[in-house]
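**Q** TSV, C-alpha atoms and all ligand atoms, saved as upload20.tsv, coming up:
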chain	number	residue	atom	x	y	z
A	1	MET	CA	62.20	97.05	121.72
A	2	LYS	CA	65.87	98.00	121.84
A	3	LYS	CA	67.02	101.26	120.33
A	4	LYS	CA	69.17	100.82	117.25
A	5	VAL	CA	72.46	102.65	116.70
A	6	VAL	CA	74.09	102.46	113.27
A	7	GLY	CA	77.79	103.31	112.97
A	8	LEU	CA	79.16	104.42	109.60
A	9	LEU	CA	82.88	103.76	109.17
A	10	GLY	CA	84.47	106.12	106.66
A	11	SER	CA	88.00	104.72	106.86
A	12	PRO	CA	89.04	101.89	104.54
A	13	LEU	CA	91.11	100.39	107.38
A	14	PHE	CA	89.17	97.97	109.59
A	15	GLU	CA	91.91	97.89	112.19
A	16	GLY	CA	92.87	101.54	111.96
A	17	ASN	CA	92.39	104.25	114.53
A	18	THR	CA	89.00	105.39	113.26
A	19	ALA	CA	87.69	101.81	113.28
A	20	ARG	CA	88.96	101.32	116.81
A	21	LEU	CA	87.24	104.46	118.10
A	22	LEU	CA	83.98	103.59	116.35
A	23	SER	CA	84.12	100.09	117.74
A	24	ARG	CA	84.50	101.43	121.29
A	25	ALA	CA	81.70	103.95	120.78
A	26	LEU	CA	79.43	101.11	119.62
A	27	ASP	CA	80.51	99.07	122.65
A	28	GLY	CA	79.37	101.98	124.80
A	29	ALA	CA	75.99	102.23	123.03
A	30	ARG	CA	75.54	98.47	123.40
A	31	ASP	CA	76.37	98.60	127.11
A	32	ALA	CA	73.77	101.34	127.44
A	33	GLY	CA	71.21	98.87	126.11
A	34	CYS	CA	71.17	99.53	122.37
A	35	GLU	CA	71.35	97.17	119.43
A	36	THR	CA	74.25	98.22	117.21
A	37	GLU	CA	75.34	97.74	113.63
A	38	LEU	CA	78.54	98.82	111.93
A	39	VAL	CA	78.40	99.69	108.24
A	40	ALA	CA	81.80	99.78	106.54
A	41	VAL	CA	81.00	102.30	103.84
A	42	THR	CA	84.02	101.33	101.73
A	43	CYS	CA	82.61	97.78	101.41
A	44	LEU	CA	79.40	98.99	99.79
A	45	GLU	CA	79.07	98.98	96.03
A	46	PHE	CA	77.48	102.17	94.85
A	47	GLN	CA	77.93	105.02	92.41
A	48	SER	CA	78.25	108.67	93.27
A	49	CYS	CA	75.16	110.86	92.78
A	50	GLN	CA	74.48	111.35	89.05
A	51	GLU	CA	72.01	114.23	89.55
A	52	MET	CA	69.21	112.44	87.75
A	53	PHE	CA	66.74	113.89	90.28
A	54	PHE	CA	64.59	110.75	90.39
A	55	CYS	CA	64.39	111.37	94.13
A	56	ARG	CA	62.50	114.64	93.58
A	57	GLU	CA	59.40	112.57	92.90
A	58	HIS	CA	60.27	109.19	94.45
A	59	GLU	CA	61.26	107.88	97.87
A	60	THR	CA	64.43	106.29	96.55
A	61	CYS	CA	67.17	106.64	93.94
A	62	THR	CA	67.01	105.33	90.41
A	63	LEU	CA	70.49	103.80	90.73
A	64	ASP	CA	70.09	100.15	91.71
A	65	ASP	CA	73.01	99.52	94.01
A	66	ASP	CA	73.84	98.97	97.70
A	67	MET	CA	72.40	102.34	98.69
A	68	GLN	CA	68.95	100.80	98.21
A	69	GLN	CA	69.49	98.76	101.40
A	70	MET	CA	70.97	101.72	103.20
A	71	TYR	CA	68.00	104.09	102.89
A	72	PRO	CA	65.61	102.04	105.05
A	73	LYS	CA	68.44	101.19	107.47
A	74	LEU	CA	69.25	104.88	107.95
A	75	ALA	CA	65.59	105.85	108.24
A	76	ALA	CA	64.91	103.19	110.89
A	77	ALA	CA	67.91	103.94	113.12
A	78	ASP	CA	67.44	105.69	116.45
A	79	GLY	CA	71.04	106.82	116.67
A	80	LEU	CA	73.81	107.38	114.15
A	81	ILE	CA	77.57	107.52	114.60
A	82	VAL	CA	79.73	108.73	111.74
A	83	ALA	CA	83.42	107.94	112.21
A	84	THR	CA	85.97	109.14	109.72
A	85	PRO	CA	89.55	110.23	109.23
A	86	VAL	CA	90.30	113.59	107.65
A	87	MET	CA	91.52	113.23	104.08
A	88	THR	CA	92.67	116.25	102.06
A	89	MET	CA	91.06	118.53	104.66
A	90	GLY	CA	87.67	116.89	104.17
A	91	ILE	CA	86.13	113.46	104.58
A	92	PRO	CA	87.16	110.49	102.39
A	93	GLY	CA	85.55	110.44	98.94
A	94	THR	CA	83.60	107.22	99.41
A	95	LEU	CA	81.94	108.48	102.59
A	96	LYS	CA	81.21	111.80	100.90
A	97	SER	CA	79.58	109.98	97.97
A	98	PHE	CA	77.53	107.95	100.47
A	99	MET	CA	76.31	111.20	102.03
A	100	ASP	CA	75.59	112.73	98.60
A	101	ARG	CA	73.43	109.72	97.76
A	102	CYS	CA	71.35	110.57	100.82
A	103	GLN	CA	69.86	113.32	98.67
A	104	VAL	CA	66.74	111.10	98.71
A	105	PHE	CA	66.28	112.23	102.34
A	106	PHE	CA	66.88	115.87	101.36
A	107	MET	CA	64.29	115.83	98.55
A	108	ALA	CA	61.73	114.03	100.72
A	109	LYS	CA	62.21	116.45	103.60
A	110	TYR	CA	62.73	119.82	101.93
A	111	TYR	CA	61.23	119.47	98.42
A	112	ARG	CA	58.20	117.18	98.92
A	113	LYS	CA	57.82	117.92	102.65
A	114	GLN	CA	57.36	114.21	103.30
A	115	PRO	CA	60.35	113.16	105.41
A	116	LEU	CA	61.47	109.54	105.11
A	117	VAL	CA	62.22	109.31	108.83
A	118	PRO	CA	59.07	108.29	110.72
A	119	PRO	CA	57.56	111.18	112.73
A	120	GLU	CA	57.97	109.36	116.06
A	121	LYS	CA	61.73	109.16	115.49
A	122	ARG	CA	62.39	112.61	114.01
A	123	ASP	CA	62.47	114.46	117.32
A	124	THR	CA	64.52	111.92	119.21
A	125	ARG	CA	67.19	110.73	116.77
A	126	ASN	CA	70.62	111.62	118.02
A	127	GLY	CA	74.06	111.46	116.44
A	128	LEU	CA	77.74	111.40	117.27
A	129	PHE	CA	80.52	112.51	114.94
A	130	ILE	CA	83.96	110.98	115.44
A	131	CYS	CA	86.75	112.47	113.35
A	132	ILE	CA	90.49	112.09	113.52
A	133	ALA	CA	93.24	114.00	111.73
A	134	GLY	CA	96.95	113.52	111.23
A	135	MET	CA	97.77	117.21	111.50
A	136	ASP	CA	97.69	119.49	114.52
A	137	ILE	CA	96.41	122.65	112.84
A	138	PRO	CA	93.20	124.23	114.24
A	139	GLU	CA	91.26	124.36	110.92
A	140	VAL	CA	91.57	120.67	110.23
A	141	PHE	CA	88.01	119.81	111.32
A	142	VAL	CA	86.24	122.79	109.70
A	143	GLY	CA	85.42	121.04	106.40
A	144	PRO	CA	84.55	117.62	107.89
A	145	LYS	CA	82.28	119.20	110.53
A	146	LEU	CA	80.35	121.25	107.97
A	147	THR	CA	79.80	118.12	105.89
A	148	ALA	CA	78.82	116.00	108.88
A	149	LYS	CA	76.38	118.63	110.14
A	150	ALA	CA	74.76	118.87	106.71
A	151	PHE	CA	74.46	115.07	106.57
A	152	PHE	CA	72.91	114.77	110.03
A	153	ASP	CA	70.43	117.53	109.14
A	154	ILE	CA	69.48	115.86	105.84
A	155	VAL	CA	68.81	112.50	107.51
A	156	ASP	CA	66.87	114.13	110.35
A	157	CYS	CA	69.29	113.30	113.12
A	158	ARG	CA	70.55	115.78	115.73
A	159	TYR	CA	74.31	116.49	115.63
A	160	GLY	CA	74.38	115.76	119.32
A	161	ASP	CA	78.03	115.26	120.15
A	162	GLU	CA	81.47	115.00	118.64
A	163	LEU	CA	84.85	113.48	119.34
A	164	LEU	CA	87.54	115.28	117.35
A	165	ILE	CA	91.12	114.09	117.76
A	166	ASN	CA	93.93	115.79	115.89
A	167	GLY	CA	97.65	115.12	115.90
A	168	MET	CA	97.22	111.43	115.03
A	169	ASP	CA	100.50	111.47	113.10
A	170	ARG	CA	102.16	112.24	116.43
A	171	ILE	CA	99.88	110.04	118.56
A	172	GLY	CA	100.26	106.96	116.33
A	173	ASP	CA	98.32	103.95	117.56
A	174	VAL	CA	95.13	104.91	119.38
A	175	LYS	CA	95.16	101.53	121.17
A	176	LYS	CA	98.04	102.84	123.25
A	177	GLN	CA	95.96	105.84	124.33
A	178	PRO	CA	93.27	104.52	126.70
A	179	ALA	CA	92.06	108.08	127.38
A	180	LEU	CA	91.01	108.37	123.73
A	181	THR	CA	89.34	104.96	123.47
A	182	ASP	CA	87.62	105.58	126.82
A	183	ALA	CA	86.33	108.92	125.51
A	184	ALA	CA	84.84	107.11	122.51
A	185	TYR	CA	83.24	104.50	124.80
A	186	LYS	CA	81.76	107.17	127.05
A	187	LYS	CA	80.34	109.17	124.15
A	188	GLY	CA	78.79	106.01	122.69
A	189	TYR	CA	77.34	105.14	126.09
A	190	ALA	CA	75.94	108.67	126.50
A	191	LEU	CA	74.40	108.43	123.04
A	192	GLY	CA	72.66	105.20	124.04
A	193	VAL	CA	71.38	106.78	127.27
A	194	SER	CA	70.13	109.83	125.34
A	195	LEU	CA	67.98	107.54	123.22
A	196	GLY	CA	66.28	106.21	126.30
A	197	ALA	CA	68.03	102.86	126.21
A	198	THR	CA	67.89	101.13	129.57
A	199	ALA	CA	69.18	97.58	129.83
A	200	GLY	CA	72.87	97.57	130.78
A	201	THR	CA	74.60	94.40	129.61
A	202	GLY	CA	77.90	94.73	131.46
A	203	ALA	CA	81.06	96.42	130.22
A	204	SER	CA	82.37	95.36	126.82
A	205	LYS	CA	85.94	94.17	126.73
A	206	GLY	CA	88.40	96.46	124.99
A	207	SER	CA	89.53	93.90	122.44
A	208	GLY	CA	89.87	94.38	118.66
A	209	PRO	CA	87.32	96.11	116.49
A	210	ALA	CA	83.97	94.33	116.74
A	211	GLU	CA	81.53	93.68	113.91
A	212	MET	CA	84.06	94.30	111.16
A	213	PRO	CA	83.11	92.70	107.85
A	214	GLU	CA	85.40	90.46	105.84
A	215	LYS	CA	87.42	92.47	103.31
A	301	LIG	C1	94.80	110.16	101.51
A	301	LIG	C2	94.98	110.76	102.86
A	301	LIG	C3	94.80	112.11	103.02
A	301	LIG	C4	94.96	112.68	104.29
A	301	LIG	N1	94.76	114.03	104.42
A	301	LIG	C5	94.87	114.59	105.66
A	301	LIG	C6	94.63	115.99	105.82
A	301	LIG	O1	94.33	116.73	104.90
A	301	LIG	N2	94.74	116.50	107.07
A	301	LIG	C7	95.08	115.73	108.16
A	301	LIG	O2	95.15	116.25	109.26
A	301	LIG	N3	95.31	114.40	108.02
A	301	LIG	C8	95.21	113.82	106.80
A	301	LIG	N4	95.44	112.48	106.65
A	301	LIG	C9	95.84	111.69	107.82
A	301	LIG	C10	94.71	110.88	108.42
A	301	LIG	O3	93.62	111.68	108.82
A	301	LIG	C11	95.24	110.12	109.67
A	301	LIG	O4	96.37	109.36	109.29
A	301	LIG	C12	94.21	109.23	110.31
A	301	LIG	O5	94.76	108.81	111.55
A	301	LIG	C13	93.87	108.00	109.48
A	301	LIG	O6	92.91	107.24	110.18
A	301	LIG	P1	92.66	105.69	109.87
A	301	LIG	O7	93.98	105.01	110.04
A	301	LIG	O8	91.69	105.25	110.88
A	301	LIG	O9	92.10	105.60	108.49
A	301	LIG	C14	95.31	111.87	105.40
A	301	LIG	C15	95.48	110.50	105.21
A	301	LIG	C16	95.31	109.95	103.97
A	301	LIG	C17	95.48	108.45	103.79
Rewrite the coordinates I just gave you, this time as structure tokens.

**A**
Amino acid sequence: MKKKVVGLLGSPLFEGNTARLLSRALDGARDAGCETELVAVTCLEFQSCQEMFFCREHETCTLDDDMQQMYPKLAAADGLIVATPVMTMGIPGTLKSFMDRCQVFFMAKYYRKQPLVPPEKRDTRNGLFICIAGMDIPEVFVGPKLTAKAFFDIVDCRYGDELLINGMDRIGDVKKQPALTDAAYKKGYALGVSLGATAGTGASKGSGPAEMPEK
């Protein structure tokens, strides 16, 4: 069976720079033999965590919204890619709320000691963090990286690699920077290989963002 890589898009722009880089990383994973799925987090309907602590005793959240479909999807994935722009020196609020709602994984793993991720996947799950920032200052990725590392830990996925690109305000359109899109492709390909994926399917064309949902 093919390995599955799920890509979480934190940007609200489906044709923006983050979306483009995620799309190329997923192309790479696919060319390495993986099945891929892109989840546009801003298209999901869900509330932020209300601290009702239902997940202390249960394998899910009491809030009945789109996160209910996301928990099994996240638990079943072999690889995860989180792609996000920096906003206000952190990650965008919707993506942060998505991660906060993954408290069900935290409670299962650390409180009940019954992780939601199947044991055969826990040791092999691998992740890639893609983050872009408008500014050129060195601290710009500190907050986003701490959050991403906490998220990957909570969902039992190794923070295996990262692609951090700053100065986007100066760079402009990432499509005009093949070195950056190639870097995303290569990191996605390497992620696929790290999961033990085998079947190469031929290089994906560098066209527009694939798998984007209708707005
Ligand atoms: C609301 C908002 C807040 C932002 N805050 C920051 C910031 O604090 N630091 C930074 O370097 N860039 C910041 N940016 C710039 C974005 O990270 C940058 O424009 C990025 O390329 C957007 O990616 P996207 O077009 O794929 O969504 C911000 C952009 C927006 C829209």

**Q** If you measure from CA of Val82 (chain A) to CA of Cys61 (chain A), what distance in Å do you get, rounded to one decimal?

**A** 21.9 Å

**Q** Using only C-alpha atoms and all ligand atoms for the distances, tell me which of A:Phe106, A:Phe14, A:Tyr111, A:Phe54 is nearest to ligand LIG 301 (chain A).

**A** A:Phe14

**Q** With only C-alpha atoms and all ligand atoms as the atoms that count, which of A:Val39, A:Met89, A:Met107, A:Ala25 lies nearest to ligand LIG 301 (chain A)?

**A**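 Closest to ligand LIG 301 (chain A) of all the choices is A:Met89.
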
**Q** Residues around (77.1, 99.8, 96.8), cut-off 10 Å, counting only C-alpha atoms - what are they as a VMD selection string?

**A** chain A and resid 41 to 48 63 to 70 98

**Q** Sort by chain and increasing residue number a table of all residues of region 24-113 of chain A within 7 Å of region 144-162 of chain A, each with its closest pair of atoms and their distance in Å to one decimal, counting only C-alpha atoms, and write it as JSON lines.

**A**
{"residue": "A:Gly90", "atom": "CA", "partner": "A:Pro144", "partner_atom": "CA", "distance": 4.9}
{"residue": "A:Ile91", "atom": "CA", "partner": "A:Pro144", "partner_atom": "CA", "distance": 5.5}
{"residue": "A:Met99", "atom": "CA", "partner": "A:Phe151", "partner_atom": "CA", "distance": 6.2}
{"residue": "A:Phe105", "atom": "CA", "partner": "A:Val155", "partner_atom": "CA", "distance": 5.8}
{"residue": "A:Phe106", "atom": "CA", "partner": "A:Ile154", "partner_atom": "CA", "distance": 5.2}

**Q** Which region 90-145 of chain A residues have any atom within 10 Å of an atom of region 173-197 of chain A, and for each, what is the nearest pair of atoms with distance in Å to one decimal, counting all atoms listed in the file, rows sorted by chain and number, as CSV?

**A**
residue,atom,partner,partner_atom,distance
A:Thr124,CA,A:Leu195,CA,6.9
A:Arg125,CA,A:Leu195,CA,7.2
A:Asn126,CA,A:Leu191,CA,7.0
A:Gly127,CA,A:Leu191,CA,7.3
A:Leu128,CA,A:Leu191,CA,7.3
A:Phe129,CA,A:Lys187,CA,9.8
A:Ile130,CA,A:Ala184,CA,8.1

**Q** Taking only C-alpha atoms and all ligand atoms into account, which residues have an atom no farther than 9 Å from ligand LIG 301 (chain A)? I'd like them as an NGL selection string.

**A** :A and (10-21 or 83-92 or 131-137 or 140-141 or 165-169 or 171-174)

**Q** Grab the residues selected above and save them as a PDB file, keeping the file's coordinate frame with C-alpha atoms.

**A**
ATOM      1  CA  GLY A  10      84.470 106.120 106.660  1.00  0.00           C
ATOM      2  CA  SER A  11      88.000 104.720 106.860  1.00  0.00           C
ATOM      3  CA  PRO A  12      89.040 101.890 104.540  1.00  0.00           C
ATOM      4  CA  LEU A  13      91.110 100.390 107.380  1.00  0.00           C
ATOM      5  CA  PHE A  14      89.170  97.970 109.590  1.00  0.00           C
ATOM      6  CA  GLU A  15      91.910  97.890 112.190  1.00  0.00           C
ATOM      7  CA  GLY A  16      92.870 101.540 111.960  1.00  0.00           C
ATOM      8  CA  ASN A  17      92.390 104.250 114.530  1.00  0.00           C
ATOM      9  CA  THR A  18      89.000 105.390 113.260  1.00  0.00           C
ATOM     10  CA  ALA A  19      87.690 101.810 113.280  1.00  0.00           C
ATOM     11  CA  ARG A  20      88.960 101.320 116.810  1.00  0.00           C
ATOM     12  CA  LEU A  21      87.240 104.460 118.100  1.00  0.00           C
ATOM     13  CA  ALA A  83      83.420 107.940 112.210  1.00  0.00           C
ATOM     14  CA  THR A  84      85.970 109.140 109.720  1.00  0.00           C
ATOM     15  CA  PRO A  85      89.550 110.230 109.230  1.00  0.00           C
ATOM     16  CA  VAL A  86      90.300 113.590 107.650  1.00  0.00           C
ATOM     17  CA  MET A  87      91.520 113.230 104.080  1.00  0.00           C
ATOM     18  CA  THR A  88      92.670 116.250 102.060  1.00  0.00           C
ATOM     19  CA  MET A  89      91.060 118.530 104.660  1.00  0.00           C
ATOM     20  CA  GLY A  90      87.670 116.890 104.170  1.00  0.00           C
ATOM     21  CA  ILE A  91      86.130 113.460 104.580  1.00  0.00           C
ATOM     22  CA  PRO A  92      87.160 110.490 102.390  1.00  0.00           C
ATOM     23  CA  CYS A 131      86.750 112.470 113.350  1.00  0.00           C
ATOM     24  CA  ILE A 132      90.490 112.090 113.520  1.00  0.00           C
ATOM     25  CA  ALA A 133      93.240 114.000 111.730  1.00  0.00           C
ATOM     26  CA  GLY A 134      96.950 113.520 111.230  1.00  0.00           C
ATOM     27  CA  MET A 135      97.770 117.210 111.500  1.00  0.00           C
ATOM     28  CA  ASP A 136      97.690 119.490 114.520  1.00  0.00           C
ATOM     29  CA  ILE A 137      96.410 122.650 112.840  1.00  0.00           C
ATOM     30  CA  VAL A 140      91.570 120.670 110.230  1.00  0.00           C
ATOM     31  CA  PHE A 141      88.010 119.810 111.320  1.00  0.00           C
ATOM     32  CA  ILE A 165      91.120 114.090 117.760  1.00  0.00           C
ATOM     33  CA  ASN A 166      93.930 115.790 115.890  1.00  0.00           C
ATOM     34  CA  GLY A 167      97.650 115.120 115.900  1.00  0.00           C
ATOM     35  CA  MET A 168      97.220 111.430 115.030  1.00  0.00           C
ATOM     36  CA  ASP A 169     100.500 111.470 113.100  1.00  0.00           C
ATOM     37  CA  ILE A 171      99.880 110.040 118.560  1.00  0.00           C
ATOM     38  CA  GLY A 172     100.260 106.960 116.330  1.00  0.00           C
ATOM     39  CA  ASP A 173      98.320 103.950 117.560  1.00  0.00           C
ATOM     40  CA  VAL A 174      95.130 104.910 119.380  1.00  0.00           C
TER      41      VAL A 174
END

**Q** I'd like to know which of A:Lys2, A:Arg56, A:Lys96, A:Lys73 is closest to Gly143 (chain A), using only C-alpha atoms.

**A**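 Looking only at the distances to Gly143 (chain A), the closest residue turns out to be A:Lys96.
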
**Q** What are the centre and the three edge lengths of an axis-aligned box that wraps all atoms of region 135-150 of chain A in the file, given that 8 Å is added to every side, written as JSON and rounded to one decimal in Å?

**A**
{"center_x": 86.3, "center_y": 120.2, "center_z": 110.2, "size_x": 39.0, "size_y": 24.4, "size_z": 24.6}

**Q** Give me the residues within 7 Å of Glu35 (chain A) as a PyMOL selection string, counting all atoms listed in the file and dropping any in the same chain fewer than 2 places off.

**A** chain A and resi 2-5+30+33

**Q** Give the answer as one residue: which of A:Arg170, A:Arg24, A:Lys113, A:Lys121 has the shortest atom-to-atom distance to Glu59 (chain A), using only C-alpha atoms?

**A**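 When distances to Glu59 (chain A) are compared using only C-alpha atoms, the smallest one comes from A:Lys113.
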
**Q** Regenerate region 25-38 of chain A at the level of N, CA and C atoms and dump it as a PDB file, keeping the file's coordinate frame.

**A**
ATOM      1  N   ALA A  25      82.938 103.173 120.623  1.00  0.00           N
ATOM      2  CA  ALA A  25      81.700 103.950 120.780  1.00  0.00           C
ATOM      3  C   ALA A  25      80.484 103.022 120.666  1.00  0.00           C
ATOM      4  N   LEU A  26      80.550 102.067 119.754  1.00  0.00           N
ATOM      5  CA  LEU A  26      79.430 101.110 119.620  1.00  0.00           C
ATOM      6  C   LEU A  26      79.358 100.199 120.838  1.00  0.00           C
ATOM      7  N   ASP A  27      80.512  99.835 121.384  1.00  0.00           N
ATOM      8  CA  ASP A  27      80.510  99.070 122.650  1.00  0.00           C
ATOM      9  C   ASP A  27      79.746  99.842 123.720  1.00  0.00           C
ATOM     10  N   GLY A  28      80.027 101.149 123.790  1.00  0.00           N
ATOM     11  CA  GLY A  28      79.370 101.980 124.800  1.00  0.00           C
ATOM     12  C   GLY A  28      77.861 102.000 124.582  1.00  0.00           C
ATOM     13  N   ALA A  29      77.438 102.195 123.330  1.00  0.00           N
ATOM     14  CA  ALA A  29      75.990 102.230 123.030  1.00  0.00           C
ATOM     15  C   ALA A  29      75.351 100.884 123.384  1.00  0.00           C
ATOM     16  N   ARG A  30      76.071  99.807 123.100  1.00  0.00           N
ATOM     17  CA  ARG A  30      75.540  98.470 123.400  1.00  0.00           C
ATOM     18  C   ARG A  30      75.408  98.284 124.914  1.00  0.00           C
ATOM     19  N   ASP A  31      76.413  98.727 125.644  1.00  0.00           N
ATOM     20  CA  ASP A  31      76.370  98.600 127.110  1.00  0.00           C
ATOM     21  C   ASP A  31      75.274  99.481 127.719  1.00  0.00           C
ATOM     22  N   ALA A  32      74.880 100.508 126.975  1.00  0.00           N
ATOM     23  CA  ALA A  32      73.770 101.340 127.440  1.00  0.00           C
ATOM     24  C   ALA A  32      72.422 100.715 127.089  1.00  0.00           C
ATOM     25  N   GLY A  33      72.450  99.581 126.394  1.00  0.00           N
ATOM     26  CA  GLY A  33      71.210  98.870 126.110  1.00  0.00           C
ATOM     27  C   GLY A  33      70.742  98.900 124.670  1.00  0.00           C
ATOM     28  N   CYS A  34      71.584  99.417 123.774  1.00  0.00           N
ATOM     29  CA  CYS A  34      71.170  99.530 122.370  1.00  0.00           C
ATOM     30  C   CYS A  34      71.606  98.309 121.555  1.00  0.00           C
ATOM     31  N   GLU A  35      70.887  98.081 120.478  1.00  0.00           N
ATOM     32  CA  GLU A  35      71.350  97.170 119.430  1.00  0.00           C
ATOM     33  C   GLU A  35      72.258  98.006 118.530  1.00  0.00           C
ATOM     34  N   THR A  36      73.344  97.425 118.042  1.00  0.00           N
ATOM     35  CA  THR A  36      74.250  98.220 117.210  1.00  0.00           C
ATOM     36  C   THR A  36      74.565  97.505 115.907  1.00  0.00           C
ATOM     37  N   GLU A  37      74.896  98.298 114.915  1.00  0.00           N
ATOM     38  CA  GLU A  37      75.340  97.740 113.630  1.00  0.00           C
ATOM     39  C   GLU A  37      76.403  98.646 113.040  1.00  0.00           C
ATOM     40  N   LEU A  38      77.488  98.037 112.585  1.00  0.00           N
ATOM     41  CA  LEU A  38      78.540  98.820 111.930  1.00  0.00           C
ATOM     42  C   LEU A  38      78.431  98.630 110.416  1.00  0.00           C
TER      43      LEU A  38
END
